[in-house]
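Visitor: Dumping the structure here so I can ask a few things about it.
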Amino acid sequence: MKFFQSVFVLLLLVALTSGCKKDDASTNSSGSTYTNKINIGTGVDYAKFLIVGETSTFTRIGSYATIYWRLESANDMGGSDVNIKIEKLTGTNYVTDTLATFPSTQNYGHIMISNISLQHTGSFKMTGILVNGNVAVASTNFTVQ
């Protein structure tokens, strides 16, 4: 009887520990499913952490255009605030138009979603920058009509 009890306890321990391996792809730099990118659009689905109405052309409603953005970093953001730098194309050069800081709400993660409003029309470049280390993660071009 003690033999069966010992075998049962051993099998139970094997079963419990086999499901406890930590292999989270979100923290594993070599197998990460995250990339450096920024998506912009006309809305957001917070339940799925996705931008909806993805576009590169925005129309002002009233005196401003609201641009929803989703910044994804291949590396964990580590609680860093995010700067969104918007540069306006003037001639052949980009000139800083808007710089806004978005505070981190947690000390880990690969994605931040928010929005920003612009009053100006023209061609722009938006860059997502991690404040910790001043790391430019990704950029995208867009226009406001």
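Every chain in the structure tokens takes a letter, A first, then B, and so on in the order presented; its residues are numbered from 1, and the ligands are numbered from 1 following the presented order.
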Pick out the residues sitting within 12 Å of Thr96 (chain A), and hand them over as an mmCIF file with all heavy atoms, in the first residue's frame; count only C-alpha atoms, and ignore anything fewer than 5 positions along from it in its own chain.

Guide:
```cif
data_model
loop_
_atom_site.group_PDB
_atom_site.id
_atom_site.type_symbol
_atom_site.label_atom_id
_atom_site.label_comp_id
_atom_site.auth_asym_id
_atom_site.auth_seq_id
_atom_site.Cartn_x
_atom_site.Cartn_y
_atom_site.Cartn_z
ATOM 1 N N ILE A 84 5.201 61.273 -27.362
ATOM 2 C CA ILE A 84 4.747 61.255 -28.749
ATOM 3 C C ILE A 84 5.212 62.568 -29.366
ATOM 4 O O ILE A 84 4.789 63.649 -28.948
ATOM 5 C CB ILE A 84 3.218 61.097 -28.854
ATOM 6 C CG1 ILE A 84 2.787 59.721 -28.352
ATOM 7 C CG2 ILE A 84 2.747 61.317 -30.292
ATOM 8 C CD1 ILE A 84 3.313 58.535 -29.152
ATOM 9 N N LYS A 85 6.111 62.441 -30.313
ATOM 10 C CA LYS A 85 6.676 63.607 -30.997
ATOM 11 C C LYS A 85 6.035 63.696 -32.374
ATOM 12 O O LYS A 85 6.079 62.748 -33.148
ATOM 13 C CB LYS A 85 8.186 63.448 -31.135
ATOM 14 C CG LYS A 85 8.875 64.589 -31.836
ATOM 15 C CD LYS A 85 10.384 64.310 -31.893
ATOM 16 C CE LYS A 85 11.133 65.380 -32.616
ATOM 17 N NZ LYS A 85 12.573 65.053 -32.694
ATOM 18 N N ILE A 86 5.426 64.843 -32.650
ATOM 19 C CA ILE A 86 4.807 65.066 -33.954
ATOM 20 C C ILE A 86 5.572 66.186 -34.647
ATOM 21 O O ILE A 86 5.727 67.280 -34.092
ATOM 22 C CB ILE A 86 3.315 65.402 -33.822
ATOM 23 C CG1 ILE A 86 2.600 64.211 -33.187
ATOM 24 C CG2 ILE A 86 2.720 65.752 -35.182
ATOM 25 C CD1 ILE A 86 1.135 64.404 -32.952
ATOM 26 N N GLU A 87 6.048 65.866 -35.835
ATOM 27 C CA GLU A 87 6.796 66.825 -36.626
ATOM 28 C C GLU A 87 6.006 67.140 -37.886
ATOM 29 O O GLU A 87 5.438 66.242 -38.507
ATOM 30 C CB GLU A 87 8.156 66.262 -37.008
ATOM 31 C CG GLU A 87 9.030 65.931 -35.810
ATOM 32 C CD GLU A 87 10.247 65.131 -36.192
ATOM 33 O OE1 GLU A 87 10.093 63.926 -36.479
ATOM 34 O OE2 GLU A 87 11.342 65.722 -36.222
ATOM 35 N N LYS A 88 5.985 68.417 -38.253
ATOM 36 C CA LYS A 88 5.271 68.860 -39.454
ATOM 37 C C LYS A 88 6.268 69.017 -40.596
ATOM 38 O O LYS A 88 7.361 69.556 -40.408
ATOM 39 C CB LYS A 88 4.545 70.181 -39.202
ATOM 40 C CG LYS A 88 3.719 70.632 -40.383
ATOM 41 C CD LYS A 88 2.882 71.841 -40.067
ATOM 42 C CE LYS A 88 2.023 72.167 -41.286
ATOM 43 N NZ LYS A 88 1.109 73.247 -41.037
ATOM 44 N N LEU A 89 5.862 68.530 -41.770
ATOM 45 C CA LEU A 89 6.697 68.675 -42.953
ATOM 46 C C LEU A 89 6.591 70.115 -43.447
ATOM 47 O O LEU A 89 5.521 70.594 -43.795
ATOM 48 C CB LEU A 89 6.253 67.698 -44.044
ATOM 49 C CG LEU A 89 7.095 67.680 -45.314
ATOM 50 C CD1 LEU A 89 8.541 67.281 -45.015
ATOM 51 C CD2 LEU A 89 6.486 66.727 -46.334
ATOM 52 N N THR A 90 7.739 70.806 -43.434
ATOM 53 C CA THR A 90 7.810 72.185 -43.904
ATOM 54 C C THR A 90 8.873 72.221 -44.998
ATOM 55 O O THR A 90 10.061 72.077 -44.713
ATOM 56 C CB THR A 90 8.182 73.140 -42.754
ATOM 57 O OG1 THR A 90 7.233 72.976 -41.706
ATOM 58 C CG2 THR A 90 8.169 74.581 -43.210
ATOM 59 N N PHE A 124 2.590 65.168 -41.609
ATOM 60 C CA PHE A 124 3.253 65.019 -40.320
ATOM 61 C C PHE A 124 3.957 63.665 -40.216
ATOM 62 O O PHE A 124 3.647 62.727 -40.949
ATOM 63 C CB PHE A 124 2.231 65.117 -39.177
ATOM 64 C CG PHE A 124 1.522 66.431 -39.106
ATOM 65 C CD1 PHE A 124 0.334 66.623 -39.805
ATOM 66 C CD2 PHE A 124 2.014 67.468 -38.342
ATOM 67 C CE1 PHE A 124 -0.332 67.832 -39.743
ATOM 68 C CE2 PHE A 124 1.348 68.679 -38.274
ATOM 69 C CZ PHE A 124 0.168 68.861 -38.972
ATOM 70 N N LYS A 125 4.854 63.606 -39.228
ATOM 71 C CA LYS A 125 5.463 62.336 -38.819
ATOM 72 C C LYS A 125 5.286 62.215 -37.315
ATOM 73 O O LYS A 125 5.592 63.153 -36.565
ATOM 74 C CB LYS A 125 6.954 62.293 -39.182
ATOM 75 C CG LYS A 125 7.640 61.018 -38.708
ATOM 76 C CD LYS A 125 9.042 60.830 -39.289
ATOM 77 C CE LYS A 125 9.997 61.884 -38.821
ATOM 78 N NZ LYS A 125 11.398 61.578 -39.192
ATOM 79 N N MET A 126 4.775 61.057 -36.865
ATOM 80 C CA MET A 126 4.601 60.787 -35.440
ATOM 81 C C MET A 126 5.629 59.738 -35.036
ATOM 82 O O MET A 126 5.757 58.712 -35.685
ATOM 83 C CB MET A 126 3.190 60.263 -35.150
ATOM 84 C CG MET A 126 2.970 59.884 -33.684
ATOM 85 S SD MET A 126 1.371 59.073 -33.384
ATOM 86 C CE MET A 126 0.251 60.436 -33.617
ATOM 87 N N THR A 127 6.336 60.019 -33.934
ATOM 88 C CA THR A 127 7.331 59.084 -33.412
ATOM 89 C C THR A 127 7.007 58.785 -31.959
ATOM 90 O O THR A 127 6.776 59.699 -31.165
ATOM 91 C CB THR A 127 8.754 59.673 -33.513
ATOM 92 O OG1 THR A 127 9.013 60.018 -34.875
ATOM 93 C CG2 THR A 127 9.801 58.679 -33.035
#
```

Visitor: CA of Glu54 (chain A) and CA of Thr42 (chain A) are how many Å apart?

Guide: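 Distance between the two atoms: 6.5 Å.
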
Visitor: Tell me which protein, DNA and RNA residues are within 7 Å of Thr66 (chain A), counting only C-alpha atoms, leaving out same-chain ones fewer than 2 positions away, and put them as a list in words.

Guide: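 The contact residues come out as Tyr64, Tyr68, Asn115, Ile116, Ser117 and Leu118 of chain A.
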
Visitor: Keeping all heavy atoms for every residue in the selection just given, could you write it to a file as a PDB file, in the first residue's frame?

Guide:
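Saved to part.pdb:
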```pdb
ATOM      1  N   TYR A  64     -10.070  70.603 -34.677  1.00  0.00           N
ATOM      2  CA  TYR A  64      -8.967  69.667 -34.447  1.00  0.00           C
ATOM      3  C   TYR A  64      -9.293  68.270 -34.974  1.00  0.00           C
ATOM      4  O   TYR A  64     -10.450  67.919 -35.191  1.00  0.00           O
ATOM      5  CB  TYR A  64      -8.597  69.604 -32.961  1.00  0.00           C
ATOM      6  CG  TYR A  64      -9.711  69.098 -32.080  1.00  0.00           C
ATOM      7  CD1 TYR A  64      -9.832  67.748 -31.792  1.00  0.00           C
ATOM      8  CD2 TYR A  64     -10.654  69.969 -31.538  1.00  0.00           C
ATOM      9  CE1 TYR A  64     -10.855  67.279 -30.992  1.00  0.00           C
ATOM     10  CE2 TYR A  64     -11.682  69.507 -30.743  1.00  0.00           C
ATOM     11  CZ  TYR A  64     -11.767  68.153 -30.470  1.00  0.00           C
ATOM     12  OH  TYR A  64     -12.789  67.696 -29.682  1.00  0.00           O
ATOM     13  N   TYR A  68      -5.877  58.456 -32.730  1.00  0.00           N
ATOM     14  CA  TYR A  68      -5.640  57.393 -31.758  1.00  0.00           C
ATOM     15  C   TYR A  68      -4.378  56.659 -32.179  1.00  0.00           C
ATOM     16  O   TYR A  68      -4.169  56.386 -33.365  1.00  0.00           O
ATOM     17  CB  TYR A  68      -6.831  56.429 -31.708  1.00  0.00           C
ATOM     18  CG  TYR A  68      -8.052  57.072 -31.108  1.00  0.00           C
ATOM     19  CD1 TYR A  68      -8.923  57.821 -31.892  1.00  0.00           C
ATOM     20  CD2 TYR A  68      -8.311  56.961 -29.748  1.00  0.00           C
ATOM     21  CE1 TYR A  68     -10.032  58.436 -31.336  1.00  0.00           C
ATOM     22  CE2 TYR A  68      -9.421  57.570 -29.188  1.00  0.00           C
ATOM     23  CZ  TYR A  68     -10.283  58.301 -29.982  1.00  0.00           C
ATOM     24  OH  TYR A  68     -11.374  58.911 -29.430  1.00  0.00           O
ATOM     25  N   ASN A 115      -4.520  58.784 -27.295  1.00  0.00           N
ATOM     26  CA  ASN A 115      -4.854  59.632 -28.443  1.00  0.00           C
ATOM     27  C   ASN A 115      -4.275  61.013 -28.241  1.00  0.00           C
ATOM     28  O   ASN A 115      -3.898  61.388 -27.134  1.00  0.00           O
ATOM     29  CB  ASN A 115      -6.367  59.678 -28.668  1.00  0.00           C
ATOM     30  CG  ASN A 115      -7.087  60.363 -27.533  1.00  0.00           C
ATOM     31  OD1 ASN A 115      -6.945  61.557 -27.319  1.00  0.00           O
ATOM     32  ND2 ASN A 115      -7.871  59.610 -26.776  1.00  0.00           N
ATOM     33  N   ILE A 116      -4.231  61.733 -29.341  1.00  0.00           N
ATOM     34  CA  ILE A 116      -3.718  63.092 -29.325  1.00  0.00           C
ATOM     35  C   ILE A 116      -4.535  63.903 -30.323  1.00  0.00           C
ATOM     36  O   ILE A 116      -5.010  63.356 -31.321  1.00  0.00           O
ATOM     37  CB  ILE A 116      -2.206  63.118 -29.648  1.00  0.00           C
ATOM     38  CG1 ILE A 116      -1.595  64.465 -29.329  1.00  0.00           C
ATOM     39  CG2 ILE A 116      -1.928  62.668 -31.073  1.00  0.00           C
ATOM     40  CD1 ILE A 116      -0.071  64.441 -29.251  1.00  0.00           C
ATOM     41  N   SER A 117      -4.708  65.182 -30.051  1.00  0.00           N
ATOM     42  CA  SER A 117      -5.472  66.061 -30.945  1.00  0.00           C
ATOM     43  C   SER A 117      -4.540  67.081 -31.588  1.00  0.00           C
ATOM     44  O   SER A 117      -3.654  67.619 -30.916  1.00  0.00           O
ATOM     45  CB  SER A 117      -6.572  66.786 -30.175  1.00  0.00           C
ATOM     46  OG  SER A 117      -7.495  65.855 -29.669  1.00  0.00           O
ATOM     47  N   LEU A 118      -4.763  67.331 -32.870  1.00  0.00           N
ATOM     48  CA  LEU A 118      -3.976  68.323 -33.608  1.00  0.00           C
ATOM     49  C   LEU A 118      -4.891  69.364 -34.219  1.00  0.00           C
ATOM     50  O   LEU A 118      -5.936  69.023 -34.776  1.00  0.00           O
ATOM     51  CB  LEU A 118      -3.185  67.656 -34.738  1.00  0.00           C
ATOM     52  CG  LEU A 118      -2.010  66.787 -34.348  1.00  0.00           C
ATOM     53  CD1 LEU A 118      -1.343  66.231 -35.594  1.00  0.00           C
ATOM     54  CD2 LEU A 118      -1.004  67.555 -33.536  1.00  0.00           C
TER      55      LEU A 118
END
```

Visitor: So, with only C-alpha atoms as the atoms that count, which of A:Thr35, A:Ala136, A:Asn93, A:Phe142 lies closest to Ser73 (chain A)?

Guide: A:Thr35

Visitor: Could you give me, as an mmCIF file with all heavy atoms, in the first residue's frame, the residues within 10 Å of Phe49 (chain A), counting only C-alpha atoms and dropping anything in the same chain fewer than 6 positions from it?

Guide:
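Output contents, as saved in out26.cif:
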```cif
data_model
loop_
_atom_site.group_PDB
_atom_site.id
_atom_site.type_symbol
_atom_site.label_atom_id
_atom_site.label_comp_id
_atom_site.auth_asym_id
_atom_site.auth_seq_id
_atom_site.Cartn_x
_atom_site.Cartn_y
_atom_site.Cartn_z
ATOM 1 N N ARG A 70 -1.313 53.519 -31.131
ATOM 2 C CA ARG A 70 -0.923 52.319 -30.380
ATOM 3 C C ARG A 70 0.555 52.088 -30.633
ATOM 4 O O ARG A 70 0.970 51.815 -31.764
ATOM 5 C CB ARG A 70 -1.720 51.109 -30.872
ATOM 6 C CG ARG A 70 -1.351 49.787 -30.196
ATOM 7 C CD ARG A 70 -2.096 48.640 -30.883
ATOM 8 N NE ARG A 70 -1.940 47.373 -30.216
ATOM 9 C CZ ARG A 70 -0.955 46.499 -30.457
ATOM 10 N NH1 ARG A 70 -0.031 46.776 -31.355
ATOM 11 N NH2 ARG A 70 -0.894 45.359 -29.802
ATOM 12 N N ILE A 111 2.886 47.477 -24.815
ATOM 13 C CA ILE A 111 1.937 48.269 -25.602
ATOM 14 C C ILE A 111 1.397 49.433 -24.774
ATOM 15 O O ILE A 111 1.083 49.272 -23.597
ATOM 16 C CB ILE A 111 0.752 47.386 -26.067
ATOM 17 C CG1 ILE A 111 1.254 46.259 -26.956
ATOM 18 C CG2 ILE A 111 -0.303 48.210 -26.788
ATOM 19 C CD1 ILE A 111 0.213 45.196 -27.251
ATOM 20 N N MET A 112 1.291 50.592 -25.424
ATOM 21 C CA MET A 112 0.581 51.724 -24.836
ATOM 22 C C MET A 112 -0.363 52.272 -25.900
ATOM 23 O O MET A 112 0.003 52.364 -27.071
ATOM 24 C CB MET A 112 1.526 52.827 -24.363
ATOM 25 C CG MET A 112 0.774 53.968 -23.668
ATOM 26 S SD MET A 112 1.814 55.342 -23.126
ATOM 27 C CE MET A 112 2.515 54.663 -21.638
ATOM 28 N N ILE A 113 -1.569 52.613 -25.480
ATOM 29 C CA ILE A 113 -2.588 53.165 -26.381
ATOM 30 C C ILE A 113 -3.119 54.462 -25.787
ATOM 31 O O ILE A 113 -3.387 54.535 -24.587
ATOM 32 C CB ILE A 113 -3.761 52.180 -26.574
ATOM 33 C CG1 ILE A 113 -3.294 50.912 -27.272
ATOM 34 C CG2 ILE A 113 -4.895 52.832 -27.361
ATOM 35 C CD1 ILE A 113 -4.369 49.867 -27.433
#
```

Visitor: Where in region 7-145 of chain A does DSSP assign strand (DSSP E), given as a VMD selection string?

Guide: chain A and resid 37 to 45 50 to 54 57 to 58 65 to 72 82 to 90 93 to 102 111 to 118 122 to 130 135 to 144

Visitor: Extract, using only C-alpha atoms, all DNA, RNA and protein residues at most 6 Å from region 80-82 of chain A, discarding same-chain residues fewer than 6 positions from it, and format them as a compact mmCIF listing (two decimals) with all heavy atoms, in the first residue's frame.

Guide:
```
# COMPACT_ATOMS: atom_id res chain seq x y z
N THR A 101 3.79 64.03 -23.44
CA THR A 101 4.23 62.91 -22.61
C THR A 101 3.01 62.19 -22.06
O THR A 101 2.09 62.81 -21.54
CB THR A 101 5.12 63.40 -21.46
OG1 THR A 101 6.25 64.07 -22.01
CG2 THR A 101 5.60 62.24 -20.60
N PHE A 102 3.02 60.87 -22.19
CA PHE A 102 1.94 60.03 -21.69
C PHE A 102 2.52 59.14 -20.59
O PHE A 102 3.40 58.32 -20.86
CB PHE A 102 1.35 59.17 -22.82
CG PHE A 102 0.68 60.02 -23.87
CD1 PHE A 102 1.42 60.60 -24.89
CD2 PHE A 102 -0.68 60.25 -23.82
CE1 PHE A 102 0.81 61.39 -25.85
CE2 PHE A 102 -1.30 61.04 -24.78
CZ PHE A 102 -0.55 61.62 -25.79
N PRO A 103 2.05 59.31 -19.34
CA PRO A 103 2.61 58.54 -18.23
C PRO A 103 2.22 57.06 -18.31
O PRO A 103 1.13 56.71 -18.73
CB PRO A 103 2.01 59.19 -16.99
CG PRO A 103 0.83 59.97 -17.47
CD PRO A 103 1.04 60.26 -18.92
N SER A 104 3.15 56.23 -17.90
CA SER A 104 2.90 54.79 -17.85
C SER A 104 1.98 54.48 -16.67
O SER A 104 2.09 55.09 -15.61
CB SER A 104 4.21 54.03 -17.68
OG SER A 104 3.96 52.65 -17.56
N ILE A 129 8.43 57.53 -28.48
CA ILE A 129 9.74 57.50 -27.83
C ILE A 129 9.57 57.08 -26.36
O ILE A 129 8.77 57.68 -25.64
CB ILE A 129 10.39 58.90 -27.88
CG1 ILE A 129 10.51 59.38 -29.32
CG2 ILE A 129 11.75 58.90 -27.18
CD1 ILE A 129 10.80 60.87 -29.46
N LEU A 130 10.34 56.08 -25.93
CA LEU A 130 10.35 55.72 -24.52
C LEU A 130 11.21 56.74 -23.79
O LEU A 130 12.37 56.97 -24.16
CB LEU A 130 10.92 54.31 -24.32
CG LEU A 130 10.15 53.18 -24.98
CD1 LEU A 130 10.83 51.84 -24.70
CD2 LEU A 130 8.71 53.15 -24.52
N VAL A 131 10.65 57.37 -22.76
CA VAL A 131 11.37 58.40 -22.02
C VAL A 131 12.61 57.80 -21.35
O VAL A 131 13.69 58.39 -21.42
CB VAL A 131 10.44 59.08 -21.00
CG1 VAL A 131 11.21 60.03 -20.09
CG2 VAL A 131 9.32 59.82 -21.72
N ASN A 132 12.46 56.63 -20.73
CA ASN A 132 13.61 55.97 -20.10
C ASN A 132 14.58 55.55 -21.20
O ASN A 132 14.28 54.68 -22.00
CB ASN A 132 13.19 54.74 -19.30
CG ASN A 132 12.32 55.08 -18.12
OD1 ASN A 132 12.14 56.24 -17.78
ND2 ASN A 132 11.75 54.06 -17.50
```

Visitor: Give me the residues near Gly43 (chain A) as a list in words, where near means some atom within 7 Å (using only C-alpha atoms) and where sequence neighbours in that chain fewer than 3 positions away do not count.

Guide: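 Here the qualifying residues turn out to be Ile51, Val52, Gly53 and Tyr68 of chain A.
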
Visitor: So that I can see what lies close to Phe58 (chain A), please list as a PyMOL selection string the residues with an atom at most 7 Å from it, counting only C-alpha atoms and leaving out residues fewer than 6 positions away in the same chain.

Guide: chain A and resi 65+143-145

Visitor: Using Å and a single decimal, report how far CA of Lys48 (chain A) sits from CA of Ser139 (chain A).

Guide: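 These atoms are spaced 22.1 Å apart.
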
Visitor: Here is a test: counting only C-alpha atoms, which residue of A:Leu99, A:Leu50, A:Leu71, A:Met77 is nearest to Thr140 (chain A)?

Guide: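 With only C-alpha atoms as the atom set, the closest residue is A:Leu71.
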
Visitor: Which is closest to Ser56 (chain A) among A:Asn75, A:Asn39, A:Asn107, A:Ser114, if we use only C-alpha atoms?

Guide: A:Asn39
